[in-house]
file coords_24.csv (CSV, C-alpha atoms)
chain,number,residue,atom,x,y,z
A,7,MET,CA,-23.9,-2.0,17.4
A,8,ARG,CA,-23.4,-4.2,20.5
A,9,ILE,CA,-21.8,-7.6,20.1
A,10,GLY,CA,-21.9,-9.1,23.6
A,11,ASP,CA,-19.8,-12.2,24.0
A,12,VAL,CA,-17.1,-12.8,21.4
A,13,GLU,CA,-18.0,-15.6,19.0
A,14,TYR,CA,-15.9,-17.1,16.3
A,15,ARG,CA,-17.9,-18.7,13.4
A,16,PRO,CA,-15.8,-19.7,10.5
A,17,ARG,CA,-17.6,-19.2,7.2
A,18,GLY,CA,-17.9,-22.2,4.9
A,19,PRO,CA,-15.7,-22.3,1.8
A,20,ARG,CA,-17.2,-20.9,-1.4
A,21,GLY,CA,-14.9,-22.7,-3.7
A,22,GLY,CA,-12.2,-21.5,-6.0
A,23,LEU,CA,-9.1,-19.5,-5.3
A,24,MET,CA,-10.9,-16.3,-4.5
A,25,ALA,CA,-12.6,-18.0,-1.4
A,26,ILE,CA,-9.6,-16.8,0.7
A,27,ARG,CA,-11.0,-13.3,0.7
A,28,PHE,CA,-13.9,-14.4,2.8
A,29,GLU,CA,-12.3,-16.7,5.4
A,30,ARG,CA,-12.3,-14.5,8.5
A,31,THR,CA,-12.5,-16.7,11.5
A,32,TRP,CA,-13.6,-13.6,13.6
A,33,SER,CA,-16.7,-12.9,11.5
A,34,ASN,CA,-20.3,-13.8,12.1
A,35,PRO,CA,-23.7,-13.0,10.5
A,36,GLU,CA,-24.2,-9.9,12.5
A,37,LEU,CA,-20.8,-8.5,11.4
A,38,GLU,CA,-21.6,-9.3,7.8
A,39,THR,CA,-24.8,-7.4,8.0
A,40,TYR,CA,-22.8,-4.5,9.4
A,41,ARG,CA,-20.3,-5.0,6.5
A,42,ASP,CA,-23.2,-4.5,4.1
A,43,THR,CA,-23.9,-1.1,5.6
A,44,VAL,CA,-20.3,-0.1,5.4
A,45,VAL,CA,-20.1,-1.1,1.7
A,46,ARG,CA,-23.2,0.9,0.9
A,47,PHE,CA,-21.7,4.0,2.6
A,48,ILE,CA,-18.4,3.6,0.7
A,49,GLU,CA,-20.0,3.0,-2.7
A,50,GLU,CA,-22.6,5.8,-2.3
A,51,GLU,CA,-20.8,8.4,-0.3
A,52,LEU,CA,-17.1,7.9,-0.6
A,53,ALA,CA,-16.2,6.4,-3.9
A,54,PRO,CA,-18.0,8.9,-6.2
A,55,GLY,CA,-16.0,11.8,-4.8
A,56,ASP,CA,-12.6,10.0,-4.6
A,57,ALA,CA,-11.2,11.4,-7.9
A,58,GLU,CA,-12.0,15.0,-6.8
A,59,ALA,CA,-10.7,14.3,-3.2
A,60,ARG,CA,-7.4,13.1,-4.7
A,61,ARG,CA,-7.1,16.4,-6.7
A,62,ARG,CA,-8.1,18.5,-3.7
A,63,GLY,CA,-6.0,16.6,-1.1
A,64,ASN,CA,-8.9,15.8,1.4
A,65,VAL,CA,-12.3,14.3,1.5
A,66,GLY,CA,-14.1,17.2,3.2
A,67,ARG,CA,-15.9,17.3,6.4
A,68,ALA,CA,-19.4,16.4,5.1
A,69,VAL,CA,-18.5,12.7,4.5
A,70,TRP,CA,-17.2,12.4,8.1
A,71,ARG,CA,-20.5,13.7,9.4
A,72,LYS,CA,-22.4,11.3,7.2
A,73,ALA,CA,-20.3,8.4,8.5
A,74,GLY,CA,-21.1,9.5,12.0
A,75,GLU,CA,-24.8,9.6,11.3
A,76,LEU,CA,-24.6,6.0,10.1
A,77,GLY,CA,-22.7,4.9,13.2
A,78,LEU,CA,-19.5,4.0,11.3
A,79,LEU,CA,-17.2,6.1,13.5
A,80,CYS,CA,-15.9,5.0,16.9
A,81,ALA,CA,-17.7,1.7,16.4
A,82,ASP,CA,-15.7,0.0,19.2
A,83,ILE,CA,-16.2,2.8,21.7
A,84,PRO,CA,-18.7,2.1,24.5
A,85,ASP,CA,-22.2,3.5,23.8
A,86,GLU,CA,-22.1,5.3,27.1
A,87,TYR,CA,-19.6,7.7,25.5
A,88,GLY,CA,-21.6,7.9,22.2
A,89,GLY,CA,-19.8,5.1,20.4
A,90,GLY,CA,-21.2,2.1,18.6
A,91,GLY,CA,-20.7,-0.3,21.6
A,92,GLY,CA,-19.0,-2.9,19.3
A,93,ASP,CA,-15.5,-4.1,19.3
A,94,PHE,CA,-12.3,-4.1,17.1
A,95,ARG,CA,-14.0,-6.3,14.5
A,96,HIS,CA,-16.4,-3.5,13.6
A,97,GLU,CA,-13.5,-1.1,13.0
A,98,ALA,CA,-11.7,-3.8,11.0
A,99,VAL,CA,-14.7,-4.1,8.6
A,100,VAL,CA,-14.5,-0.4,7.8
A,101,TYR,CA,-10.7,-0.6,7.2
A,102,GLU,CA,-11.0,-3.7,5.0
A,103,GLU,CA,-13.7,-2.4,2.7
A,104,MET,CA,-11.9,1.0,2.2
A,105,GLN,CA,-8.5,-0.6,1.6
A,106,ARG,CA,-9.8,-3.2,-0.8
A,107,ARG,CA,-11.0,-0.3,-3.0
A,108,ALA,CA,-7.9,1.9,-2.5
A,109,LEU,CA,-10.2,4.5,-0.9
A,110,THR,CA,-7.7,5.9,1.6
A,111,GLY,CA,-8.8,9.5,1.8
A,112,MET,CA,-10.9,9.1,5.0
A,113,ASN,CA,-8.5,8.1,7.7
A,114,THR,CA,-10.8,6.5,10.1
A,115,SER,CA,-8.0,4.5,11.6
A,116,VAL,CA,-6.2,7.6,13.0
A,117,HIS,CA,-9.6,8.9,14.2
A,118,ALA,CA,-10.2,5.6,16.0
A,119,ILE,CA,-6.7,5.6,17.5
A,120,VAL,CA,-7.3,9.1,18.9
A,121,ALA,CA,-10.6,7.9,20.4
A,122,HIS,CA,-8.8,5.1,22.1
A,123,TYR,CA,-6.2,7.4,23.7
A,124,LEU,CA,-9.2,9.3,25.2
A,125,LEU,CA,-11.0,6.1,26.2
A,126,ASN,CA,-7.9,4.4,27.7
A,127,HIS,CA,-6.1,7.3,29.3
A,128,GLY,CA,-8.5,10.3,29.5
A,129,THR,CA,-10.4,11.6,32.5
A,130,GLU,CA,-14.1,10.9,32.7
A,131,ALA,CA,-14.8,14.5,31.8
A,132,GLN,CA,-12.5,14.3,28.7
A,133,LYS,CA,-14.2,11.1,27.5
A,134,ARG,CA,-17.7,12.6,27.9
A,135,SER,CA,-16.7,15.9,26.2
A,136,TYR,CA,-14.9,14.6,23.1
A,137,LEU,CA,-15.9,11.0,22.3
A,138,PRO,CA,-19.6,11.6,21.5
A,139,ARG,CA,-18.6,14.4,19.1
A,140,MET,CA,-16.0,12.2,17.5
A,141,ALA,CA,-18.5,9.4,17.0
A,142,ARG,CA,-20.9,11.9,15.3
A,143,GLY,CA,-18.2,13.1,13.0
A,144,GLU,CA,-18.3,16.6,14.4
A,145,LEU,CA,-14.7,16.4,15.5
A,146,VAL,CA,-12.1,14.7,13.2
A,147,GLY,CA,-9.3,13.4,15.3
A,148,ALA,CA,-5.5,13.7,14.7
A,149,ILE,CA,-2.5,13.0,16.8
A,150,ALA,CA,0.6,15.2,16.4
A,151,MET,CA,3.7,13.3,17.2
A,152,THR,CA,6.3,13.6,14.4
A,153,GLU,CA,8.4,16.7,14.1
A,154,PRO,CA,10.9,17.8,11.5
A,155,GLY,CA,14.2,16.0,12.3
A,156,THR,CA,12.9,13.6,14.9
A,157,GLY,CA,11.3,10.8,12.9
A,158,SER,CA,10.8,7.7,15.0
A,159,ASP,CA,12.7,9.2,18.1
A,160,LEU,CA,9.7,10.5,20.0
A,161,GLN,CA,11.8,11.1,23.1
A,162,ALA,CA,13.6,13.8,21.1
A,163,ILE,CA,10.6,16.0,20.4
A,164,ARG,CA,11.0,19.7,20.9
A,165,THR,CA,7.4,21.0,21.0
A,166,ARG,CA,7.1,22.5,24.5
A,167,ALA,CA,4.2,22.6,26.9
A,168,THR,CA,4.7,25.4,29.5
A,169,ARG,CA,2.6,25.8,32.6
A,170,THR,CA,0.5,29.0,32.8
A,171,ASP,CA,-1.8,30.4,35.5
A,172,ASN,CA,-4.8,28.9,33.7
A,173,GLY,CA,-3.3,25.8,32.1
A,174,TRP,CA,-0.7,25.3,29.4
A,175,ARG,CA,1.0,27.1,26.5
A,176,ILE,CA,2.1,25.0,23.5
A,177,ASP,CA,4.9,26.1,21.2
A,178,GLY,CA,6.4,24.1,18.4
A,179,SER,CA,5.6,22.5,15.0
A,180,LYS,CA,4.6,19.0,13.8
A,181,THR,CA,4.7,17.4,10.3
A,182,PHE,CA,3.3,14.4,8.5
A,183,ILE,CA,0.1,14.7,10.5
A,184,SER,CA,-2.7,12.5,9.1
A,185,ASN,CA,-6.1,14.3,9.2
A,186,GLY,CA,-4.2,17.4,10.0
A,187,TYR,CA,-6.1,19.7,7.6
A,188,LEU,CA,-9.6,18.6,8.7
A,189,ALA,CA,-8.8,18.0,12.4
A,190,GLY,CA,-11.1,19.5,15.0
A,191,LEU,CA,-9.3,17.7,17.8
A,192,VAL,CA,-5.5,17.2,18.0
A,193,LEU,CA,-3.6,15.3,20.6
A,194,VAL,CA,-0.3,17.1,20.8
A,195,VAL,CA,2.7,15.2,22.1
A,196,CYS,CA,4.8,17.8,24.0
A,197,LYS,CA,7.8,18.1,26.3
A,198,SER,CA,6.4,19.3,29.6
A,199,ASP,CA,9.8,18.8,31.3
A,200,PRO,CA,12.7,19.3,28.9
A,201,THR,CA,15.2,18.0,31.4
A,202,GLN,CA,13.7,14.5,31.1
A,203,ARG,CA,13.3,12.2,28.1
A,204,ALA,CA,10.4,9.8,28.3
A,205,LYS,CA,9.3,11.0,31.7
A,206,GLY,CA,9.2,14.6,30.5
A,207,THR,CA,6.5,13.9,27.8
A,208,SER,CA,2.9,14.8,28.1
A,209,ILE,CA,-0.1,14.8,25.7
A,210,LEU,CA,-2.3,17.9,25.5
A,211,ILE,CA,-5.7,18.0,23.9
A,212,VAL,CA,-6.3,20.9,21.5
A,213,GLU,CA,-9.7,21.8,20.0
A,214,THR,CA,-8.6,23.6,16.8
A,215,GLU,CA,-11.6,25.8,16.1
A,216,GLY,CA,-10.9,29.3,17.2
A,217,ALA,CA,-7.6,28.3,18.9
A,218,ASP,CA,-5.3,31.4,18.8
A,219,GLY,CA,-1.8,30.6,17.6
A,220,TYR,CA,-2.9,27.3,15.9
A,221,ARG,CA,-2.1,27.1,12.2
A,222,VAL,CA,-2.3,24.4,9.6
A,223,GLY,CA,0.6,24.6,7.2
A,224,ARG,CA,0.9,22.9,3.9
A,225,VAL,CA,-1.2,20.0,2.9
A,226,LEU,CA,1.7,17.8,1.9
A,227,ASP,CA,2.1,16.5,-1.7
A,228,LYS,CA,2.7,12.8,-1.2
A,229,MET,CA,3.7,9.9,-3.4
A,230,GLY,CA,0.4,8.1,-2.5
A,231,LEU,CA,-2.6,8.5,-0.3
A,232,LYS,CA,-3.5,11.5,-2.5
A,233,ALA,CA,-7.0,11.9,-1.1
A,234,GLN,CA,-5.9,11.8,2.5
A,235,ASP,CA,-5.0,15.1,4.1
A,236,THR,CA,-1.5,15.1,5.6
A,237,SER,CA,-0.4,18.4,7.0
A,238,GLU,CA,2.1,20.5,8.9
A,239,LEU,CA,0.8,21.9,12.1
A,240,PHE,CA,2.1,25.0,14.0
A,241,PHE,CA,1.5,25.9,17.6
A,242,ASP,CA,2.6,29.5,18.4
A,243,GLY,CA,1.7,30.1,22.0
A,244,VAL,CA,-1.5,28.1,21.8
A,245,GLU,CA,-3.1,28.2,25.3
A,246,VAL,CA,-5.3,25.4,26.6
A,247,GLY,CA,-6.9,24.9,30.0
A,248,ALA,CA,-5.5,22.7,32.8
A,249,ASP,CA,-8.2,20.1,32.0
A,250,SER,CA,-6.6,19.6,28.5
A,251,LEU,CA,-3.8,17.4,29.9
A,252,LEU,CA,-4.7,13.9,28.8
A,253,GLY,CA,-5.4,11.9,31.9
A,254,GLY,CA,-4.8,14.9,34.1
A,255,VAL,CA,-1.3,13.8,35.2
A,256,GLU,CA,1.8,15.4,33.8
A,257,GLY,CA,4.7,13.2,32.4
A,258,ARG,CA,2.5,10.2,31.4
A,259,GLY,CA,2.6,10.9,27.6
A,260,PHE,CA,5.2,8.3,26.7
A,261,TYR,CA,3.5,5.6,28.7
A,262,GLN,CA,0.2,6.5,27.0
A,263,LEU,CA,1.8,6.3,23.6
A,264,MET,CA,3.3,2.9,24.3
A,265,GLY,CA,0.2,1.5,25.8
A,266,ASP,CA,-1.9,1.6,22.6
A,267,LEU,CA,0.8,0.2,20.3
A,268,PRO,CA,-0.7,-3.3,19.8
A,269,TYR,CA,-4.1,-1.8,18.7
A,270,GLU,CA,-2.4,0.7,16.3
A,271,ARG,CA,-0.1,-1.8,14.7
A,272,LEU,CA,-2.9,-4.4,14.2
A,273,VAL,CA,-4.9,-1.7,12.5
A,274,ILE,CA,-2.1,-1.3,9.9
A,275,ALA,CA,-1.8,-5.1,9.5
A,276,VAL,CA,-5.5,-5.4,8.8
A,277,MET,CA,-5.3,-2.6,6.2
A,278,ALA,CA,-2.3,-4.2,4.6
A,279,LEU,CA,-4.0,-7.6,4.2
A,280,ALA,CA,-7.2,-6.1,2.9
A,281,ALA,CA,-5.2,-4.1,0.3
A,282,MET,CA,-3.5,-7.3,-0.8
A,283,GLU,CA,-6.9,-9.0,-1.2
A,284,GLY,CA,-8.2,-6.1,-3.3
A,285,ALA,CA,-5.2,-6.1,-5.5
A,286,TYR,CA,-5.5,-9.8,-6.0
A,287,GLU,CA,-9.2,-9.6,-6.9
A,288,ALA,CA,-8.6,-6.7,-9.4
A,289,THR,CA,-5.7,-8.6,-11.0
A,290,LEU,CA,-7.6,-11.8,-11.3
A,291,GLN,CA,-10.4,-10.0,-13.1
A,292,TYR,CA,-8.0,-8.2,-15.4
A,293,VAL,CA,-6.0,-11.2,-16.5
A,294,ARG,CA,-9.2,-13.1,-17.2
A,295,GLU,CA,-10.3,-10.4,-19.6
A,296,ARG,CA,-7.0,-9.3,-21.1
A,297,GLN,CA,-6.2,-11.2,-24.4
A,298,VAL,CA,-2.5,-11.9,-25.2
A,299,PHE,CA,-1.5,-14.0,-28.2
A,300,GLY,CA,-5.1,-14.9,-28.9
A,301,LYS,CA,-6.0,-16.2,-25.4
A,302,PRO,CA,-6.7,-14.8,-21.9
A,303,LEU,CA,-3.6,-13.7,-20.0
A,304,ALA,CA,-4.9,-15.9,-17.1
A,305,GLU,CA,-4.1,-19.0,-19.2
A,306,GLN,CA,-0.4,-18.2,-19.3
A,307,GLN,CA,1.6,-20.4,-16.9
A,308,ASN,CA,3.6,-17.5,-15.5
A,309,THR,CA,0.4,-15.6,-14.7
A,310,ARG,CA,-1.2,-18.6,-13.0
A,311,PHE,CA,2.0,-19.3,-11.0
A,312,LYS,CA,2.3,-15.6,-9.9
A,313,LEU,CA,-1.4,-15.6,-8.8
A,314,ALA,CA,-0.9,-18.8,-6.9
A,315,GLU,CA,2.0,-17.3,-5.0
A,316,VAL,CA,0.0,-14.2,-4.2
A,317,ALA,CA,-3.0,-16.2,-3.1
A,318,THR,CA,-0.8,-18.3,-0.8
A,319,GLN,CA,0.7,-15.3,0.8
A,320,ILE,CA,-2.7,-13.8,1.4
A,321,ALA,CA,-3.9,-17.0,3.0
A,322,ALA,CA,-0.9,-17.2,5.3
A,323,GLY,CA,-1.4,-13.6,6.3
A,324,ARG,CA,-5.1,-14.1,6.9
A,325,ALA,CA,-4.4,-16.9,9.4
A,326,PHE,CA,-1.8,-14.7,11.3
A,327,VAL,CA,-3.9,-11.5,11.3
A,328,ASP,CA,-7.0,-13.3,12.4
A,329,GLN,CA,-5.1,-14.9,15.3
A,330,CYS,CA,-4.0,-11.4,16.3
A,331,VAL,CA,-7.6,-10.1,16.1
A,332,HIS,CA,-8.6,-12.9,18.4
A,333,LYS,CA,-5.8,-12.1,20.9
A,334,LEU,CA,-6.8,-8.4,20.9
A,335,LEU,CA,-10.4,-9.2,21.6
A,336,ILE,CA,-9.4,-11.2,24.7
A,337,ARG,CA,-6.7,-8.7,25.7
A,338,GLU,CA,-3.8,-10.9,25.0
A,339,LEU,CA,-2.1,-9.2,22.1
A,340,ASP,CA,1.3,-8.0,23.1
A,341,THR,CA,3.5,-5.4,21.4
A,342,ALA,CA,6.0,-7.8,19.9
A,343,THR,CA,3.3,-10.0,18.2
A,344,ALA,CA,1.5,-6.9,16.9
A,345,SER,CA,4.9,-5.6,15.6
A,346,MET,CA,5.4,-9.0,13.8
A,347,ALA,CA,2.0,-8.6,12.2
A,348,LYS,CA,2.7,-5.1,11.0
A,349,LEU,CA,6.2,-6.0,9.8
A,350,TRP,CA,5.1,-9.1,7.8
A,351,THR,CA,1.9,-7.8,6.3
A,352,THR,CA,3.3,-4.4,5.2
A,353,GLU,CA,6.5,-5.9,3.7
A,354,THR,CA,4.4,-8.6,2.0
A,355,GLN,CA,1.9,-6.0,0.8
A,356,GLY,CA,4.7,-4.2,-1.1
A,357,ARG,CA,5.8,-7.5,-2.8
A,358,VAL,CA,2.3,-8.7,-3.6
A,359,ILE,CA,1.1,-5.4,-5.2
A,360,ASP,CA,4.3,-5.2,-7.2
A,361,GLU,CA,3.6,-8.6,-8.6
A,362,CYS,CA,0.0,-7.8,-9.4
A,363,LEU,CA,0.9,-4.5,-11.1
A,364,GLN,CA,3.4,-6.3,-13.3
A,365,LEU,CA,0.6,-8.5,-14.7
A,366,PHE,CA,-1.2,-5.3,-15.8
A,367,GLY,CA,1.8,-4.3,-18.0
A,368,GLY,CA,1.8,-0.7,-19.0
A,369,TYR,CA,-1.7,-0.2,-17.8
A,370,GLY,CA,-0.5,-0.8,-14.3
A,371,PHE,CA,1.5,2.4,-14.5
A,372,MET,CA,-1.6,4.4,-15.2
A,373,ASP,CA,-3.2,6.3,-12.3
A,374,GLU,CA,-6.7,5.6,-13.6
A,375,TYR,CA,-6.2,1.9,-12.7
A,376,LEU,CA,-6.8,0.8,-9.1
A,377,ILE,CA,-3.6,-1.2,-9.0
A,378,SER,CA,-1.5,1.9,-9.7
A,379,ARG,CA,-2.9,3.8,-6.8
A,380,MET,CA,-2.6,0.7,-4.5
A,381,TYR,CA,1.1,0.5,-5.4
A,382,ALA,CA,1.8,4.1,-4.5
A,383,ASP,CA,-0.4,3.9,-1.3
A,384,ALA,CA,1.4,0.8,-0.1
A,385,ARG,CA,4.9,2.3,0.3
A,386,VAL,CA,4.2,4.3,3.4
A,387,GLN,CA,2.8,1.3,5.2
A,388,ARG,CA,6.3,0.2,6.0
A,389,ILE,CA,7.1,3.7,7.5
A,390,TYR,CA,4.3,5.1,9.6
A,391,GLY,CA,3.2,3.5,12.8
A,392,GLY,CA,6.8,2.5,13.3
A,393,THR,CA,9.2,1.7,10.4
A,394,SER,CA,10.0,-1.9,9.5
A,395,GLU,CA,13.4,-1.4,11.1
A,396,ILE,CA,11.8,-0.3,14.4
A,397,MET,CA,9.5,-3.3,14.2
A,398,LYS,CA,12.5,-5.6,14.0
A,399,GLU,CA,14.1,-4.0,17.0
A,400,VAL,CA,10.9,-4.4,19.0
A,401,ILE,CA,10.7,-8.0,18.1
A,402,ALA,CA,14.4,-8.7,18.7
A,403,ARG,CA,14.1,-7.3,22.2
A,404,ALA,CA,11.4,-9.7,23.0
A,405,LEU,CA,13.3,-12.8,21.9

call {"tool": "encode", "arguments": {"input": "coords_24.csv", "output": "structure tokens"}}
result
Amino acid sequence: MRIGDVEYRPRGPRGGLMAIRFERTWSNPELETYRDTVVRFIEEELAPGDAEARRRGNVGRAVWRKAGELGLLCADIPDEYGGGGGDFRHEAVVYEEMQRRALTGMNTSVHAIVAHYLLNHGTEAQKRSYLPRMARGELVGAIAMTEPGTGSDLQAIRTRATRTDNGWRIDGSKTFISNGYLAGLVLVVCKSDPTQRAKGTSILIVETEGADGYRVGRVLDKMGLKAQDTSELFFDGVEVGADSLLGGVEGRGFYQLMGDLPYERLVIAVMALAAMEGAYEATLQYVRERQVFGKPLAEQQNTRFKLAEVATQIAAGRAFVDQCVHKLLIRELDTATASMAKLWTTETQGRVIDECLQLFGGYGFMDEYLISRMYADARVQRIYGGTSEIMKEVIARAL
């Protein structure tokens, strides 16, 4: 869907405390129509299989292809490369509607981030080869950065890319790889020159189907995000062509990784805020129905005060995140501000969902309740995409 010029049309208040969920200054009627399509897909295709996906550890490939058929993948990739021709707001709509329902199995955010690495840093041939298939859901994207023992220190990675007569050979292992089990396309962060740190890093593109030496290890058993496949990946002499070097220039990997940080961290902030809104909505509904001492829990002063605090935090977060969306659209979002957004929203997400769960009492501890799954899913938000501690360091350096 093509948007054209960026427009900002604040929607009028609908009254009541819950109106904060709808006050997105970046939205407009066209985007709300698109949101309706996203919601139908989620409720008809994704939600019914969520319980089974949580047991299995992945959503399966069919739902990815269905999303591609509906134009819900790579929505902000130009249509000349098979994408939707929209902008970041289209992606944000998808993240919001999934997060509000705790449907975290289909990691479209990582898929979109991989697409943006190709769009922003790939050669023309790489863009035309991979982006249309990603938009159709034929290739699920993953990026293999983290290794056992390296954590946030990407300059210390040990996976090696060695030149061959026909291209490159990759040797090493990766862990905590989102979309790893289903991935048809993996961007592998490697050391192409082990004598260098940042300047010795390159990113290689691996199509996984039929790749000799490529192996998916365990689908990791996590605290939360149970429906989302997170895997170990092994590269034992995986050979790729010379045209598999992202951008075609060796040693640009660290620069490429740093260049897309504002986009990636804003994605996480959008998801954190949407999860807070979903938790608030579910809690408000619960306390209105739950009877305690002969009257609804919502009439207890403590309940009303807690929900007032939650609503205020969501409203503050909405103002900040919307400002960041605006800056991204006009290409003015810097890494420090995006890091602030990720830091504040993910830390607040943990506190807000904890407060909401408390109002459910013992039922909040039961996995069948949405709030329980939201609580478990929220914890990793402060870790991936750069830990809260790394966010503070990035912000401090910019002071």

call {"tool": "residues_around", "arguments": {"input": "coords_24.csv", "residues": "range 297-301 of chain A", "least_positions_apart": "5", "cutoff": "12 Å", "atoms": "only C-alpha atoms", "output": "list of chain:residue names"}}
result
A:Tyr292, A:Gln306, A:Thr309, A:Leu365, A:Phe366, A:Gly367

call {"tool": "residues_around", "arguments": {"input": "coords_24.csv", "residues": "range 253-266 of chain A", "least_positions_apart": "3", "cutoff": "6 Å", "atoms": "only C-alpha atoms", "output": "PyMOL selection string"}}
result
chain A and resi 127-129+204-209+269

call {"tool": "write_last_selection", "arguments": {"input": "coords_24.csv", "atoms": "C-alpha atoms", "output": "CSV table (one decimal), in the coordinates of the input"}}
result
chain,number,residue,atom,x,y,z
A,127,HIS,CA,-6.1,7.3,29.3
A,128,GLY,CA,-8.5,10.3,29.5
A,129,THR,CA,-10.4,11.6,32.5
A,204,ALA,CA,10.4,9.8,28.3
A,205,LYS,CA,9.3,11.0,31.7
A,206,GLY,CA,9.2,14.6,30.5
A,207,THR,CA,6.5,13.9,27.8
A,208,SER,CA,2.9,14.8,28.1
A,209,ILE,CA,-0.1,14.8,25.7
A,269,TYR,CA,-4.1,-1.8,18.7

call {"tool": "closest_residue", "arguments": {"input": "coords_24.csv", "among": "A:Thr156, A:Val273, A:Arg169, A:Val331", "to": "Ser33 in chain A", "atoms": "all atoms listed in the file"}}
result
A:Val331

call {"tool": "residues_around", "arguments": {"input": "coords_24.csv", "residues": "Ala141 in chain A", "least_positions_apart": "2", "cutoff": "9 Å", "atoms": "all atoms listed in the file", "output": "list of chain:residue names"}}
result
A:Arg71, A:Ala73, A:Gly74, A:Glu75, A:Gly77, A:Leu78, A:Leu79, A:Cys80, A:Ala81, A:Ile83, A:Tyr87, A:Gly88, A:Gly89, A:Gly90, A:Ala121, A:Tyr136, A:Leu137, A:Pro138, A:Arg139, A:Gly143, A:Glu144, A:Leu145

call {"tool": "atom_distance", "arguments": {"input": "coords_24.csv", "atom1": "CA of Leu125 in chain A", "atom2": "CA of Ala68 in chain A"}}
result
24.9 Å

call {"tool": "residues_around", "arguments": {"input": "coords_24.csv", "residues": "range 394-399 of chain A", "least_positions_apart": "2", "cutoff": "10 Å", "atoms": "only C-alpha atoms", "output": "list in words"}}
result
Ser158, Arg271, Thr341, Ala342, Thr343, Ala344, Ser345, Met346, Ala347, Lys348, Leu349, Trp350, Thr352, Glu353, Gln387, Arg388, Ile389, Tyr390, Gly391, Gly392, Ile401, Ala402, Arg403 and Ala404 of chain A

call {"tool": "residues_around", "arguments": {"input": "coords_24.csv", "residues": "range 64-66 of chain A", "least_positions_apart": "4", "cutoff": "6 Å", "atoms": "only C-alpha atoms", "output": "PDB file with C-alpha atoms, keeping the file's coordinate frame"}}
result
ATOM      1  CA  ALA A  59     -10.700  14.300  -3.200  1.00  0.00           C
ATOM      2  CA  GLY A 111      -8.800   9.500   1.800  1.00  0.00           C
ATOM      3  CA  ALA A 233      -7.000  11.900  -1.100  1.00  0.00           C
ATOM      4  CA  GLN A 234      -5.900  11.800   2.500  1.00  0.00           C
ATOM      5  CA  ASP A 235      -5.000  15.100   4.100  1.00  0.00           C
TER       6      ASP A 235
END

call {"tool": "closest_residue", "arguments": {"input": "coords_24.csv", "among": "A:Glu49, A:Asn308, A:Val244, A:Leu335", "to": "Ala217 in chain A", "atoms": "all atoms listed in the file"}}
result
A:Val244

call {"tool": "atom_distance", "arguments": {"input": "coords_24.csv", "atom1": "CA of Ala278 in chain A", "atom2": "CA of Ala98 in chain A"}}
result
11.4 Å

call {"tool": "residues_near_point", "arguments": {"input": "coords_24.csv", "point": "(-3.9, 19.8, 22.2)", "cutoff": "6 Å", "atoms": "all atoms listed in the file", "output": "list of chain:residue names"}}
result
A:Val192, A:Leu193, A:Val194, A:Leu210, A:Ile211, A:Val212

call {"tool": "write_last_selection", "arguments": {"input": "coords_24.csv", "atoms": "C-alpha atoms", "output": "PDB file, in the coordinates of the input"}}
result
ATOM      1  CA  VAL A 192      -5.500  17.200  18.000  1.00  0.00           C
ATOM      2  CA  LEU A 193      -3.600  15.300  20.600  1.00  0.00           C
ATOM      3  CA  VAL A 194      -0.300  17.100  20.800  1.00  0.00           C
ATOM      4  CA  LEU A 210      -2.300  17.900  25.500  1.00  0.00           C
ATOM      5  CA  ILE A 211      -5.700  18.000  23.900  1.00  0.00           C
ATOM      6  CA  VAL A 212      -6.300  20.900  21.500  1.00  0.00           C
TER       7      VAL A 212
END

call {"tool": "atom_distance", "arguments": {"input": "coords_24.csv", "atom1": "CA of Glu36 in chain A", "atom2": "CA of Val116 in chain A"}}
result
25.1 Å

call {"tool": "closest_residue", "arguments": {"input": "coords_24.csv", "among": "A:Glu38, A:Arg107, A:Ile149, A:Gly243", "to": "Leu124 in chain A", "atoms": "all atoms listed in the file"}}
result
A:Ile149

call {"tool": "closest_residue", "arguments": {"input": "coords_24.csv", "among": "A:Asp82, A:Glu29, A:Asp328, A:Glu361", "to": "Leu272 in chain A", "atoms": "all atoms listed in the file"}}
result
A:Asp328

call {"tool": "closest_residue", "arguments": {"input": "coords_24.csv", "among": "A:Gly216, A:Pro302, A:Gly284, A:Gly173", "to": "Ala317 in chain A", "atoms": "all atoms listed in the file"}}
result
A:Gly284

call {"tool": "closest_residue", "arguments": {"input": "coords_24.csv", "among": "A:Asp340, A:Ser135, A:Met112, A:Tyr101", "to": "Asp56 in chain A", "atoms": "all atoms listed in the file"}}
result
A:Met112

call {"tool": "residues_near_point", "arguments": {"input": "coords_24.csv", "point": "(-1.9, -9.7, -2.8)", "cutoff": "12 Å", "atoms": "only C-alpha atoms", "output": "PyMOL selection string"}}
result
chain A and resi 24+26-27+106+277-290+312-324+351-363+377+380-381+384
